[in-house]
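Okay, so here's the structure we're looking at.
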Amino acid sequence: IILVPPPHRETTHFSAAALLLLYGCTLPNIETLLLLTTSKCRHSRNLCLSIIQSLPCPPKSPADKHSQNQPSIVGNPTSTAIDPHEPNPPVTHRNKKQPPPTMSEPVPSPQEILDTPKDVVATPPKDIAATPAARGPVSRKLHSSSAFISHINKLLSTQTGIDRTLSLLYYICTFLAPQFVRAAQRHLVLRNLKVKLPSAATLTSTAVRLRAAAARISDARMFLRLWGLFGITEWGVKTLRSPPADTVEKYLVLAQVGVNTVFQVLENAAYLNMHGVLAIADKARERQMWLWSTRMWAAHIVLEFLRLERVRAVRKKTKTIVDVKIVGDDDKAARESWRKSFVGNMMMAPLSWHWSTEKGLIDDTTVGLFGGYAAAVSFMDAWRSSA
């Protein structure tokens with residue numbers, strides 16, 4: 001039993017009484033009790049030290065009778081004493097971090113224990129307070145908030161993470177804006193059904209702000225794509241240096257590089273002319289640049305469908321020749337990547353066809369649904385990769 005009094009002056013007599021009552025125990029227990037001298041209460045510590053120093057050494061415990069062949073420090077006048085002025089004093093258990101003495105080890109005297117440096121006294125591990133269980137509720141919340149903020153910062157530190165985040169926000173705003181317009185148009189009917197809604201003017205202004213936010217996000221995404229030609233060029237160089245094993249897939253990828261290059265050039269020219277950087281006064285020509293850039297994107301989606309189908313056919317043919325069902329982790333990852341690419345392509349295909357025409361094919365709600373699904377899948381991939 002370890003009796004550790006709290007650091008108050010009123011516990012001085014308690015510490016002294018505990019030492020006097022338990023002094024008849026064996027010396028290893030006394031060594032444990034001497035930890036009372038490390039109390040933060042100055043009066044209690046000084047009194048404990050004076051009492052222990054004045055007490056004579058107790059007789060040997062029964063455990064010492066079984067260790068007569070081992071040298072003893074307590075009560076042995078011929079035992080080696082440590083000279084503080086000796087250049088290389090012998091190593092003992094008090095300056096060498098070892099576990100407390102057992103029955104088979106020499107037992108130190110109380111005076112030697114009192115002379116032990118304070119830095120040798122056992123202290124709780126430093127990492128105990130760092131564990132989540134040792135933290136308070138506020139500390140745990142701060143820790144989780146800091147980890148979440150670091151994750152977001154890591155995601156938004158890359159151009160891919162920024163583009164996918166903006167894409168998700170764009171399609172969310174595009175989807176919500178017409179819903180607020182419909183709610184404003186049916187405001188009277190909904191109020192008669194006892195549905196609590198803001199005023200029709202508030203709903204209409206919210207829809208206008210959402211459309212404005214979507215326009216600014218789209219502008220920011222096009223600005224970030226001004227340097228897209230460098231990435232497309234690197235894509236083409238890598239394809240030529242290490243082309244796919246299948247020749248058909250290789251030419252499909254090179255065709256994708258070509259149409260994406262045309263798309264990026266036309267979009268950059270139209271964007272810069274829209275902001276007055278280029279001097280193309282003919283607005284009809286600018287509209288044609290927007291239109292044909294979107295058609296190049298639609299061509300890329302068609303080529304991507306052909307490439308995915310070719311990859312599936314080659315994989316199926318390879319399995320038929322080998323006559324083995326591949327179930328390894330690499331094959332599972334390839335299947336999952338193929339499925340995500342195919343679904344994302346399916347969601348983006350209607351949008352590319354919609355923006356490839358002058359009047360459009362679908363409304364904003366449908367654009368938000370198709371684009372939002374593809375953007376959410378891409379955003380989750382970027383979120384997991386930045387963890």
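Residues in the structure tokens are named by chain (A, B, ... in the order shown) and by number from 1 within that chain; ligands are numbered from 1 in the order shown.
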
Problem set entry | Residues within 8 Å of Pro178 in chain A, only C-alpha atoms, excluding chain neighbours under 4 positions, as a VMD selection string | chain A and resid 174 182 207 364 to 365

Using only C-alpha atoms, find each residue of range 187-248 of chain A with at least one atom at most 12 Å away from an atom of range 296-310 of chain A; report its shortest atom-to-atom pair and that distance in Å (one decimal), sort the rows by chain and rising residue number, and return the result as a tab-separated table.
residue	atom	partner	partner_atom	distance
A:Pro244	CA	A:Arg307	CA	11.1
A:Ala245	CA	A:Arg310	CA	11.8
A:Asp246	CA	A:Arg310	CA	8.9
A:Thr247	CA	A:Arg310	CA	10.4
A:Val248	CA	A:Arg310	CA	7.7

Exercise. Which one of A:Thr204, A:Asn260, A:Asn345, A:Ser146 sits closest to Tyr373 in chain A if you count only C-alpha atoms?
Worked result: A:Asn345

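Minimum atom-to-atom distance to Met346 in chain A, evaluated using only C-alpha atoms, belongs to A:Gly371 out of A:Phe180, A:Gly371, A:Phe175, A:Phe230.
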
For this session: Return as a PyMOL selection string the full set of residues in range 270-344 of chain A whose backbone-based DSSP assignment is alpha helix (DSSP H).
Result: chain A and resi 270-274+283-322+329-344

Show me, as a short mmCIF file (atom, residue, chain, number, x, y, z; two decimals) with N, CA and C atoms, in the first residue's frame, the residues that have an atom within 10 Å of Ile217 in chain A when counting only C-alpha atoms, minus same-chain residues fewer than 5 positions from it.
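That gives us selection.cif:
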data_model
loop_
_atom_site.label_atom_id
_atom_site.label_comp_id
_atom_site.auth_asym_id
_atom_site.auth_seq_id
_atom_site.Cartn_x
_atom_site.Cartn_y
_atom_site.Cartn_z
N ASP A 163 -9.77 21.80 -57.93
CA ASP A 163 -10.71 21.67 -59.05
C ASP A 163 -11.88 20.77 -58.71
N LEU A 166 -14.20 22.63 -56.23
CA LEU A 166 -14.98 23.65 -56.93
C LEU A 166 -16.03 23.01 -57.83
N SER A 167 -15.70 21.89 -58.45
CA SER A 167 -16.66 21.20 -59.31
C SER A 167 -17.87 20.75 -58.52
N LEU A 168 -17.64 20.18 -57.34
CA LEU A 168 -18.76 19.74 -56.50
C LEU A 168 -19.62 20.93 -56.08
N LEU A 169 -18.98 22.03 -55.67
CA LEU A 169 -19.74 23.21 -55.27
C LEU A 169 -20.53 23.79 -56.44
N TYR A 170 -19.94 23.76 -57.64
CA TYR A 170 -20.62 24.30 -58.81
C TYR A 170 -21.92 23.54 -59.09
N TYR A 171 -21.85 22.22 -59.09
CA TYR A 171 -23.04 21.44 -59.41
C TYR A 171 -24.08 21.49 -58.29
N CYS A 173 -24.66 24.23 -56.43
CA CYS A 173 -25.34 25.51 -56.65
C CYS A 173 -26.24 25.44 -57.88
N ARG A 211 -26.95 31.21 -58.44
CA ARG A 211 -26.50 31.24 -59.84
C ARG A 211 -25.24 32.10 -59.99
N ALA A 212 -25.18 33.19 -59.24
CA ALA A 212 -23.98 34.03 -59.29
C ALA A 212 -22.77 33.28 -58.74
N MET A 222 -12.09 27.67 -64.96
CA MET A 222 -11.48 27.93 -66.27
C MET A 222 -10.16 28.67 -66.13
N PHE A 223 -10.07 29.55 -65.15
CA PHE A 223 -8.79 30.24 -64.92
C PHE A 223 -7.71 29.25 -64.50
#

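Closest approach to Arg241 in chain A from the set A:Ala269, A:Leu369, A:Leu361, A:Leu254 is made by A:Leu254, with distances taken over only C-alpha atoms.
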
For this session: Work out how far CA of Val262 in chain A is from CA of Gly231 in chain A, in Å to one decimal.
Result: 13.5 Å

Problem set entry | range 151-157 of chain A environment, 7 Å, only C-alpha atoms, sequence neighbours closer than 6 positions dropped, as a PyMOL selection string | chain A and resi 383+386-387

Could the residues in this selection be written to a file with all heavy atoms, as a PDB file, in the first residue's frame?
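Just written: selection-v2.pdb:
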ATOM      1  N   TRP A 383     -10.407  13.099 -51.667  1.00  0.00           N
ATOM      2  CA  TRP A 383     -10.411  13.181 -50.193  1.00  0.00           C
ATOM      3  C   TRP A 383      -9.686  11.996 -49.586  1.00  0.00           C
ATOM      4  O   TRP A 383      -8.889  12.150 -48.647  1.00  0.00           O
ATOM      5  CB  TRP A 383     -11.845  13.264 -49.700  1.00  0.00           C
ATOM      6  CG  TRP A 383     -11.991  13.331 -48.207  1.00  0.00           C
ATOM      7  CD1 TRP A 383     -12.200  12.297 -47.344  1.00  0.00           C
ATOM      8  CD2 TRP A 383     -11.911  14.516 -47.404  1.00  0.00           C
ATOM      9  NE1 TRP A 383     -12.270  12.751 -46.058  1.00  0.00           N
ATOM     10  CE2 TRP A 383     -12.101  14.114 -46.061  1.00  0.00           C
ATOM     11  CE3 TRP A 383     -11.716  15.864 -47.692  1.00  0.00           C
ATOM     12  CZ2 TRP A 383     -12.082  15.020 -45.011  1.00  0.00           C
ATOM     13  CZ3 TRP A 383     -11.705  16.777 -46.636  1.00  0.00           C
ATOM     14  CH2 TRP A 383     -11.880  16.337 -45.318  1.00  0.00           C
ATOM     15  N   SER A 386      -5.863  12.146 -50.121  1.00  0.00           N
ATOM     16  CA  SER A 386      -5.156  13.179 -49.355  1.00  0.00           C
ATOM     17  C   SER A 386      -5.173  12.917 -47.856  1.00  0.00           C
ATOM     18  O   SER A 386      -4.709  13.755 -47.085  1.00  0.00           O
ATOM     19  CB  SER A 386      -5.790  14.550 -49.623  1.00  0.00           C
ATOM     20  OG  SER A 386      -7.141  14.575 -49.193  1.00  0.00           O
ATOM     21  N   ALA A 387      -5.688  11.762 -47.422  1.00  0.00           N
ATOM     22  CA  ALA A 387      -5.748  11.448 -45.987  1.00  0.00           C
ATOM     23  C   ALA A 387      -4.353  11.159 -45.452  1.00  0.00           C
ATOM     24  O   ALA A 387      -3.482  10.708 -46.168  1.00  0.00           O
ATOM     25  CB  ALA A 387      -6.659  10.234 -45.757  1.00  0.00           C
TER      26      ALA A 387
END

Exercise. Which is closer to Tyr271 in chain A than all the others in A:Glu336, A:Asp219, A:Glu234, A:Asp381, using only C-alpha atoms?
Worked result: A:Asp219

Exercise. Mind pulling up the distance from CA of Lys359 in chain A to CA of Ala213 in chain A?
Worked result: 22.3 Å
